[in-house]
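In what follows, a structure is listed as structure tokens, so that the remarks can point back to it.
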Amino acid sequence: MKLGRRNFFGFLGQFPLWSASAAGASGAPAGEDYYDKLGVTKIINAAGTYTNLTASIMPPPVQAAVARAALNPVRLVELQKAAGDYLARKLQCEAAMVTAGAASALTLGTAACVMTANRCSIRDIPAEAAHLKNEVIIQKAHRYGYDEALLCAGIRFVEVETLAGYEAAFGPRTVMAHFYNAAEEGSISREDWIRVAHAHQVPSFNDAAADMPPIANLWNYTKMGFDLVTFSGGKGIRGPQNAGLLLGRKDLIAAAAANNNPYDGVGRGMKVAKEQIVGMVAAVDWLLSQTDEVMEKEFRRRAERIAAHLKDLPGLRTEISVPPVANHVPHLSIRYDQARLKISPRDVMMELRAGKPSIELNPSTGRATGASAGITTDANTIVVGVWMLQPGEDMIVARRLREVLVKSRV
Ligand SMILES: *Cc1c(COP(=O)(O)O)cnc(C)c1O
């Protein structure tokens, strides 16, 4: 594929080296380096958009929009409303709101469904919810760590495993049907999930937090018919880490907003500051100026550069693969024979972490089980997530990997 001139420069614009928009006249960012001041280690992120690694770096135009938003006070509700209206237009859905991450969107969206089904007050959630309609239907295989965020709205789960079981699960206490978009198991399709929920006039919610790219997913699931959809703002979208998107039906978004701050509902502690609301909107603008093809090509090139630097090591093979739903970008797998390179992938990971600069490999590295969302791995495999690397860092990672593997050669 040939890079169009506009796409090429648009893509470069995300990198600090080629943009001065968030920098002082010298090209260095303005302000004191508080990581240095606090003694906090800056890392090279060869893992991916993991929460404990602060997920992603905002592209320079987003950083600049955040800095600019810090210059003026505004009316919070007016900003929330204007940002939501703008995002709904850009993302082709009825309504939208900026939340404090996808987990917050799960709580607020669920609270919206409880409130709408019961016509109750925000103060009834979560304490009185047990006495109200509060059942959320979910596939057993879709139960996940994030479902705590739904439980915060005072709901209880009703688990189903088959389409017949799903149809039979609706009752007078049902308020919502929840779908985990990247679940690797579960026999009921998205289309059936929506169709049956709608036949019972129950809203359906899809958690697609880590499921962009492709960019079009930002409207695919609302257009498919889900009444609510969430995306994390700080993962692939590269907005502020404490921001997220709740997209969907106008009445439900309004109910979610009623449960959010500045009102004293379940979302009072989920505040998104003006800087991050603006940052979320700016990140969506930035993302919509990119293309999946150009981004994928760049990620693949990084993976290929690292692979080329290692490929002559004895008994080592590399493979580039793209997980199917979440983190749907090229990842590099490096598989080798531990009889010939006498170090385990987990120990390689520790050495890179302890080195200077400190590098974080993908947490699926060396995992026989429990790999991170859709990534295939095993006890002999190092996984490099290349998409959050900054310019030039791919070769730093390649050189460090080579150094650690070569000294373990038998
Ligand atoms: C990351 C993630 C979340 C939480 O997103 P935050 O923006 O960090 O709150 C929720 N659900 C899924 C499936 C995720 O991958």
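Ligands are numbered from 1 in the order shown, residues from 1 within each chain, and chains are lettered A, B, ... in the order they appear in the structure tokens.
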Inset, instruction - All residues within 10 Å of ligand 1 are required, counting only C-alpha atoms and all ligand atoms; please report them as an MDAnalysis selection string. - result: chainID A and resid 49:52 54:55 99:106 142 144:147 149 179:183 206:211 230:235 239:245 326:327 372:373
Inset, instruction - Per DSSP on the backbone, filter stretch 215-406 of chain A down to the residues in strand (DSSP E) and report them as a VMD selection string. - result: chain A and resid 228 to 232 244 to 248 316 to 321 331 to 336 358 to 361 381 to 385
Give me, as a CSV table (one decimal) with all heavy atoms, in the first residue's frame, all polymer residues having an atom no more than 7 Å from stretch 162-175 of chain A, counting only C-alpha atoms and skipping those fewer than 4 positions away in the same chain.
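The resulting file, result.csv, is shown below:
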```csv
chain,number,residue,atom,x,y,z
A,113,CYS,N,-30.0,2.1,33.4
A,113,CYS,CA,-31.0,1.0,33.2
A,113,CYS,C,-31.8,0.7,34.4
A,113,CYS,O,-33.0,0.5,34.3
A,113,CYS,CB,-30.3,-0.2,32.6
A,113,CYS,SG,-29.5,0.0,31.0
A,114,VAL,N,-31.2,0.7,35.6
A,114,VAL,CA,-31.9,0.5,36.8
A,114,VAL,C,-32.9,1.7,37.0
A,114,VAL,O,-34.1,1.5,37.3
A,114,VAL,CB,-31.0,0.4,38.0
A,114,VAL,CG1,-31.7,0.4,39.4
A,114,VAL,CG2,-30.1,-0.8,37.9
A,117,ALA,N,-35.8,1.6,34.4
A,117,ALA,CA,-36.8,0.5,34.6
A,117,ALA,C,-37.7,0.7,35.8
A,117,ALA,O,-38.8,0.3,35.9
A,117,ALA,CB,-36.0,-0.9,34.8
A,133,LYS,N,-36.5,-3.6,40.7
A,133,LYS,CA,-36.1,-4.4,39.5
A,133,LYS,C,-34.6,-4.2,39.4
A,133,LYS,O,-34.1,-3.1,39.2
A,133,LYS,CB,-36.7,-3.9,38.2
A,133,LYS,CG,-38.2,-3.9,38.3
A,133,LYS,CD,-38.8,-3.3,37.0
A,133,LYS,CE,-40.3,-3.1,37.1
A,133,LYS,NZ,-40.8,-2.4,35.9
A,134,ASN,N,-33.8,-5.3,39.4
A,134,ASN,CA,-32.3,-5.1,39.4
A,134,ASN,C,-31.6,-6.3,38.8
A,134,ASN,O,-30.4,-6.5,39.0
A,134,ASN,CB,-31.8,-4.9,40.8
A,134,ASN,CG,-31.8,-6.1,41.7
A,134,ASN,OD1,-32.6,-7.0,41.4
A,134,ASN,ND2,-31.0,-6.1,42.7
A,135,GLU,N,-32.3,-7.0,37.9
A,135,GLU,CA,-31.6,-8.2,37.3
A,135,GLU,C,-30.9,-7.8,35.9
A,135,GLU,O,-31.6,-7.2,35.1
A,135,GLU,CB,-32.5,-9.3,37.1
A,135,GLU,CG,-32.9,-9.9,38.4
A,135,GLU,CD,-33.9,-11.1,38.3
A,135,GLU,OE1,-34.3,-11.4,37.2
A,135,GLU,OE2,-34.3,-11.6,39.3
A,136,VAL,N,-29.7,-8.2,35.8
A,136,VAL,CA,-28.9,-8.0,34.6
A,136,VAL,C,-28.6,-9.4,34.0
A,136,VAL,O,-28.0,-10.2,34.7
A,136,VAL,CB,-27.7,-7.2,34.8
A,136,VAL,CG1,-26.8,-7.2,33.5
A,136,VAL,CG2,-28.0,-5.8,35.2
A,187,SER,N,-22.2,-18.8,23.6
A,187,SER,CA,-22.8,-19.4,22.4
A,187,SER,C,-23.7,-18.4,21.7
A,187,SER,O,-24.2,-18.7,20.6
A,187,SER,CB,-23.5,-20.7,22.7
A,187,SER,OG,-24.5,-20.4,23.6
A,188,ILE,N,-24.1,-17.3,22.4
A,188,ILE,CA,-25.1,-16.4,21.9
A,188,ILE,C,-24.4,-15.2,21.1
A,188,ILE,O,-23.6,-14.6,21.7
A,188,ILE,CB,-26.0,-15.9,23.0
A,188,ILE,CG1,-26.5,-17.1,23.8
A,188,ILE,CG2,-27.2,-15.1,22.4
A,188,ILE,CD1,-27.3,-16.8,25.1
A,196,VAL,N,-33.3,-10.5,21.1
A,196,VAL,CA,-34.2,-11.0,22.2
A,196,VAL,C,-34.4,-9.9,23.3
A,196,VAL,O,-35.5,-9.8,23.8
A,196,VAL,CB,-33.5,-12.3,22.8
A,196,VAL,CG1,-34.3,-12.8,24.0
A,196,VAL,CG2,-33.4,-13.4,21.7
A,202,VAL,N,-36.0,-4.6,26.8
A,202,VAL,CA,-34.9,-4.4,27.7
A,202,VAL,C,-33.7,-3.9,27.0
A,202,VAL,O,-33.3,-4.4,25.9
A,202,VAL,CB,-34.6,-5.8,28.4
A,202,VAL,CG1,-33.3,-5.7,29.2
A,202,VAL,CG2,-35.8,-6.2,29.4
```
Which residues of stretch 367-403 of chain A have any atom within 9 Å of an atom in stretch 29-44 of chain A when counting only C-alpha atoms, and what is the closest pair of atoms for each, with the distance in Å to one decimal? Order the rows by chain and rising number and write it as a Markdown table.
```
| residue | atom | partner | partner_atom | distance |
| --- | --- | --- | --- | --- |
| A:Met388 | CA | A:Ile44 | CA | 8.6 |
| A:Leu389 | CA | A:Ile44 | CA | 6.8 |
| A:Gln390 | CA | A:Ile44 | CA | 8.0 |
| A:Glu393 | CA | A:Ile44 | CA | 7.1 |
| A:Ile396 | CA | A:Ile44 | CA | 8.9 |
| A:Val397 | CA | A:Ile44 | CA | 8.2 |
```
Okay, now the selection with C-alpha atoms, as a compact mmCIF listing (two decimals), in the first residue's frame?
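Final file, again-v7.txt:
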```txt
# COMPACT_ATOMS: atom_id res chain seq x y z
CA MET A 388 2.44 1.77 22.25
CA LEU A 389 6.15 2.14 21.41
CA GLN A 390 7.37 5.63 20.64
CA GLU A 393 12.01 2.47 20.79
CA ILE A 396 16.02 -0.29 21.76
CA VAL A 397 13.75 -3.24 22.57
```
Inset, instruction - Check the smallest atom-to-atom distance from each of A:Ala371, A:Val384, A:Leu246, A:Met349 to A:Asp85 using only C-alpha atoms, then report the winner. - result: A:Leu246
Legend entry - Residue neighbourhood A:Val404, 10 Å, only C-alpha atoms, exclusion window fewer than 5 positions, as number ranges by chain: A: 341, 343, 347-349, 351-352, 399, 409
Inset, instruction - Could you check how far atom CA of A:Cys152 sits from atom CA of A:Phe205, in Å to one decimal? - result: 15.7 Å
Inset, instruction - For A:Lys90, work out the shell of residues within 9 Å, counting only C-alpha atoms and skipping chain neighbours fewer than 4 positions away, then give it as a PyMOL selection string. - result: chain A and resi 85-86+284-285+288
Please, could you write that set of residues out with all heavy atoms as a compact mmCIF listing (two decimals), in the first residue's frame?
```
# COMPACT_ATOMS: atom_id res chain seq x y z
N ASP A 85 -22.64 15.93 22.94
CA ASP A 85 -23.33 16.21 21.67
C ASP A 85 -22.36 16.11 20.49
O ASP A 85 -22.67 15.54 19.44
CB ASP A 85 -23.97 17.61 21.69
CG ASP A 85 -25.16 17.68 22.63
OD1 ASP A 85 -25.61 16.61 23.10
OD2 ASP A 85 -25.62 18.80 22.93
N TYR A 86 -21.16 16.66 20.69
CA TYR A 86 -20.14 16.65 19.64
C TYR A 86 -19.73 15.21 19.32
O TYR A 86 -19.65 14.79 18.16
CB TYR A 86 -18.94 17.47 20.10
CG TYR A 86 -17.81 17.59 19.10
CD1 TYR A 86 -17.78 18.64 18.17
CD2 TYR A 86 -16.76 16.67 19.09
CE1 TYR A 86 -16.73 18.76 17.26
CE2 TYR A 86 -15.71 16.78 18.17
CZ TYR A 86 -15.70 17.83 17.27
OH TYR A 86 -14.67 17.93 16.37
N VAL A 284 -10.62 11.69 20.09
CA VAL A 284 -11.52 11.17 19.05
C VAL A 284 -11.27 11.92 17.74
O VAL A 284 -11.17 11.31 16.66
CB VAL A 284 -12.99 11.25 19.50
CG1 VAL A 284 -13.95 11.02 18.32
CG2 VAL A 284 -13.25 10.22 20.60
N ASP A 285 -11.11 13.23 17.82
CA ASP A 285 -10.78 14.00 16.61
C ASP A 285 -9.48 13.50 15.98
O ASP A 285 -9.39 13.33 14.77
CB ASP A 285 -10.64 15.49 16.93
CG ASP A 285 -11.98 16.23 16.89
OD1 ASP A 285 -12.95 15.67 16.34
OD2 ASP A 285 -12.04 17.37 17.39
N LEU A 288 -9.97 10.05 14.35
CA LEU A 288 -10.73 10.09 13.10
C LEU A 288 -9.93 10.70 11.95
O LEU A 288 -10.33 10.62 10.80
CB LEU A 288 -12.06 10.84 13.30
CG LEU A 288 -13.04 10.18 14.28
CD1 LEU A 288 -14.33 10.99 14.39
CD2 LEU A 288 -13.36 8.73 13.90
```
Inset, instruction - For atom CA of A:Glu185 and atom CA of A:Thr222, quote the distance in Å rounded to one decimal. - result: 21.7 Å
Inset, instruction - Compare A:Ala67, A:Ala254, A:Asp312, A:Leu91 by their minimum atom-to-atom distance to A:Leu287, counting only C-alpha atoms, and give me the closest one. - result: A:Leu91
Legend entry - Spatial neighbours of A:Trp219, 9 Å, only C-alpha atoms, chain gap at least 5 places, as a list in words: Leu91, Gln92, Cys93, Met224 and Leu247 of chain A
Inset, instruction - Have a look at atom CA of A:Ile359 and atom CA of A:Lys407 and let me know their distance in Å, one decimal. - result: 18.0 Å
Inset, instruction - List every residue of stretch 137-365 of chain A that DSSP, applied to the backbone of this structure, assigns to alpha helix (DSSP H), and report them as an MDAnalysis selection string. - result: chainID A and resid 148:151 163:169 190:199 217:224 250:259 274:288 292:310 345:354
Produce a file of the selected residues containing C-alpha atoms, as a PDB file, in the first residue's frame.
```pdb
ATOM      1  CA  GLU A 148     -17.734  -5.488  39.621  1.00  0.00           C
ATOM      2  CA  ALA A 149     -18.408  -2.145  37.918  1.00  0.00           C
ATOM      3  CA  LEU A 150     -21.965  -3.254  37.106  1.00  0.00           C
ATOM      4  CA  LEU A 151     -22.504  -4.640  40.619  1.00  0.00           C
ATOM      5  CA  LEU A 163     -30.243 -18.993  23.474  1.00  0.00           C
ATOM      6  CA  ALA A 164     -33.257 -20.843  24.929  1.00  0.00           C
ATOM      7  CA  GLY A 165     -32.006 -20.118  28.436  1.00  0.00           C
ATOM      8  CA  TYR A 166     -31.540 -16.475  27.493  1.00  0.00           C
ATOM      9  CA  GLU A 167     -35.092 -16.159  26.169  1.00  0.00           C
ATOM     10  CA  ALA A 168     -36.437 -17.757  29.354  1.00  0.00           C
ATOM     11  CA  ALA A 169     -34.376 -15.528  31.654  1.00  0.00           C
ATOM     12  CA  ARG A 190     -24.381 -10.180  19.337  1.00  0.00           C
ATOM     13  CA  GLU A 191     -27.338 -10.086  16.931  1.00  0.00           C
ATOM     14  CA  ASP A 192     -29.371 -12.610  18.937  1.00  0.00           C
ATOM     15  CA  TRP A 193     -28.421 -10.833  22.162  1.00  0.00           C
ATOM     16  CA  ILE A 194     -29.880  -7.561  20.872  1.00  0.00           C
ATOM     17  CA  ARG A 195     -32.919  -9.098  19.159  1.00  0.00           C
ATOM     18  CA  VAL A 196     -34.151 -11.010  22.207  1.00  0.00           C
ATOM     19  CA  ALA A 197     -33.505  -8.091  24.591  1.00  0.00           C
ATOM     20  CA  HIS A 198     -35.486  -5.778  22.339  1.00  0.00           C
ATOM     21  CA  ALA A 199     -38.357  -8.266  22.068  1.00  0.00           C
ATOM     22  CA  ASN A 217     -16.055  -0.161  15.795  1.00  0.00           C
ATOM     23  CA  LEU A 218     -16.763   3.198  17.432  1.00  0.00           C
ATOM     24  CA  TRP A 219     -20.078   3.180  15.523  1.00  0.00           C
ATOM     25  CA  ASN A 220     -20.452  -0.489  14.467  1.00  0.00           C
ATOM     26  CA  TYR A 221     -21.978  -1.672  17.732  1.00  0.00           C
ATOM     27  CA  THR A 222     -24.429   1.171  18.277  1.00  0.00           C
ATOM     28  CA  LYS A 223     -25.530   0.804  14.642  1.00  0.00           C
ATOM     29  CA  MET A 224     -25.911  -2.934  15.205  1.00  0.00           C
ATOM     30  CA  LYS A 250     -30.568   9.378  24.254  1.00  0.00           C
ATOM     31  CA  ASP A 251     -32.833   8.617  27.226  1.00  0.00           C
ATOM     32  CA  LEU A 252     -30.295   6.193  28.719  1.00  0.00           C
ATOM     33  CA  ILE A 253     -27.393   8.613  28.298  1.00  0.00           C
ATOM     34  CA  ALA A 254     -29.507  11.286  30.015  1.00  0.00           C
ATOM     35  CA  ALA A 255     -30.191   8.876  32.899  1.00  0.00           C
ATOM     36  CA  ALA A 256     -26.482   8.006  33.087  1.00  0.00           C
ATOM     37  CA  ALA A 257     -25.652  11.729  33.238  1.00  0.00           C
ATOM     38  CA  ALA A 258     -28.129  12.141  36.104  1.00  0.00           C
ATOM     39  CA  ASN A 259     -26.181   9.523  38.070  1.00  0.00           C
ATOM     40  CA  LYS A 274     -12.447  19.618  32.249  1.00  0.00           C
ATOM     41  CA  GLU A 275      -8.938  18.891  30.942  1.00  0.00           C
ATOM     42  CA  GLN A 276      -9.735  15.203  30.444  1.00  0.00           C
ATOM     43  CA  ILE A 277     -13.181  15.809  28.960  1.00  0.00           C
ATOM     44  CA  VAL A 278     -11.529  18.020  26.365  1.00  0.00           C
ATOM     45  CA  GLY A 279      -8.708  15.488  25.972  1.00  0.00           C
ATOM     46  CA  MET A 280     -11.225  12.724  25.241  1.00  0.00           C
ATOM     47  CA  VAL A 281     -12.907  14.801  22.542  1.00  0.00           C
ATOM     48  CA  ALA A 282      -9.530  15.789  21.066  1.00  0.00           C
ATOM     49  CA  ALA A 283      -8.422  12.139  21.040  1.00  0.00           C
ATOM     50  CA  VAL A 284     -11.516  11.168  19.048  1.00  0.00           C
ATOM     51  CA  ASP A 285     -10.783  14.001  16.605  1.00  0.00           C
ATOM     52  CA  TRP A 286      -7.187  12.790  16.324  1.00  0.00           C
ATOM     53  CA  LEU A 287      -8.237   9.181  15.820  1.00  0.00           C
ATOM     54  CA  LEU A 288     -10.734  10.086  13.097  1.00  0.00           C
ATOM     55  CA  ASP A 292      -6.524   1.677  10.213  1.00  0.00           C
ATOM     56  CA  GLU A 293      -4.288   0.799   7.245  1.00  0.00           C
ATOM     57  CA  VAL A 294      -1.579   3.361   8.008  1.00  0.00           C
ATOM     58  CA  MET A 295      -1.522   2.510  11.721  1.00  0.00           C
ATOM     59  CA  GLU A 296      -1.436  -1.241  11.108  1.00  0.00           C
ATOM     60  CA  LYS A 297       1.355  -0.865   8.583  1.00  0.00           C
ATOM     61  CA  GLU A 298       3.483   1.103  11.034  1.00  0.00           C
ATOM     62  CA  PHE A 299       2.894  -1.456  13.840  1.00  0.00           C
ATOM     63  CA  ARG A 300       3.776  -4.327  11.490  1.00  0.00           C
ATOM     64  CA  ARG A 301       6.962  -2.535  10.440  1.00  0.00           C
ATOM     65  CA  ARG A 302       8.041  -2.195  14.083  1.00  0.00           C
ATOM     66  CA  ALA A 303       7.400  -5.897  14.720  1.00  0.00           C
ATOM     67  CA  GLU A 304       9.357  -6.804  11.565  1.00  0.00           C
ATOM     68  CA  ARG A 305      12.323  -4.644  12.604  1.00  0.00           C
ATOM     69  CA  ILE A 306      12.545  -6.381  15.990  1.00  0.00           C
ATOM     70  CA  ALA A 307      12.123  -9.824  14.388  1.00  0.00           C
ATOM     71  CA  ALA A 308      14.882  -9.118  11.826  1.00  0.00           C
ATOM     72  CA  HIS A 309      17.287  -8.231  14.637  1.00  0.00           C
ATOM     73  CA  LEU A 310      16.785 -11.612  16.360  1.00  0.00           C
ATOM     74  CA  PRO A 345      10.722 -15.855  28.749  1.00  0.00           C
ATOM     75  CA  ARG A 346       9.604 -14.736  32.231  1.00  0.00           C
ATOM     76  CA  ASP A 347      13.273 -14.185  33.185  1.00  0.00           C
ATOM     77  CA  VAL A 348      13.859 -12.228  29.962  1.00  0.00           C
ATOM     78  CA  MET A 349      10.898 -10.098  30.982  1.00  0.00           C
ATOM     79  CA  MET A 350      12.412  -9.482  34.434  1.00  0.00           C
ATOM     80  CA  GLU A 351      15.807  -8.573  32.966  1.00  0.00           C
ATOM     81  CA  LEU A 352      14.288  -6.063  30.574  1.00  0.00           C
ATOM     82  CA  ARG A 353      12.263  -4.598  33.426  1.00  0.00           C
ATOM     83  CA  ALA A 354      15.361  -4.244  35.608  1.00  0.00           C
TER      84      ALA A 354
END
```
Legend entry - Best match for closeness to A:Thr318 among A:Ser204, A:Thr369, A:Ile237, A:Asn380, counting only C-alpha atoms: A:Asn380
Inset, instruction - Go through A:Pro61, A:Cys120, A:Ala273, A:Gly186 one by one, measure the shortest atom-to-atom distance of each to A:Leu79 using only C-alpha atoms, and give the residue with the smallest value. - result: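 Among A:Pro61, A:Cys120, A:Ala273, A:Gly186, it is A:Ala273 that comes nearest to A:Leu79.
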Inset, instruction - Go through A:Ser333, A:Arg268, A:Arg68, A:Glu159 and flag the residue nearest A:Gln139, using only C-alpha atoms for the distances. - result: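 When distances to A:Gln139 are compared using only C-alpha atoms, the smallest one comes from A:Glu159.
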Legend entry - Which residue of A:Pro73, A:Gly265, A:Pro363, A:Pro330 approaches A:Pro213 most closely, using only C-alpha atoms: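 That would be A:Pro330, the residue with the smallest distance to A:Pro213.
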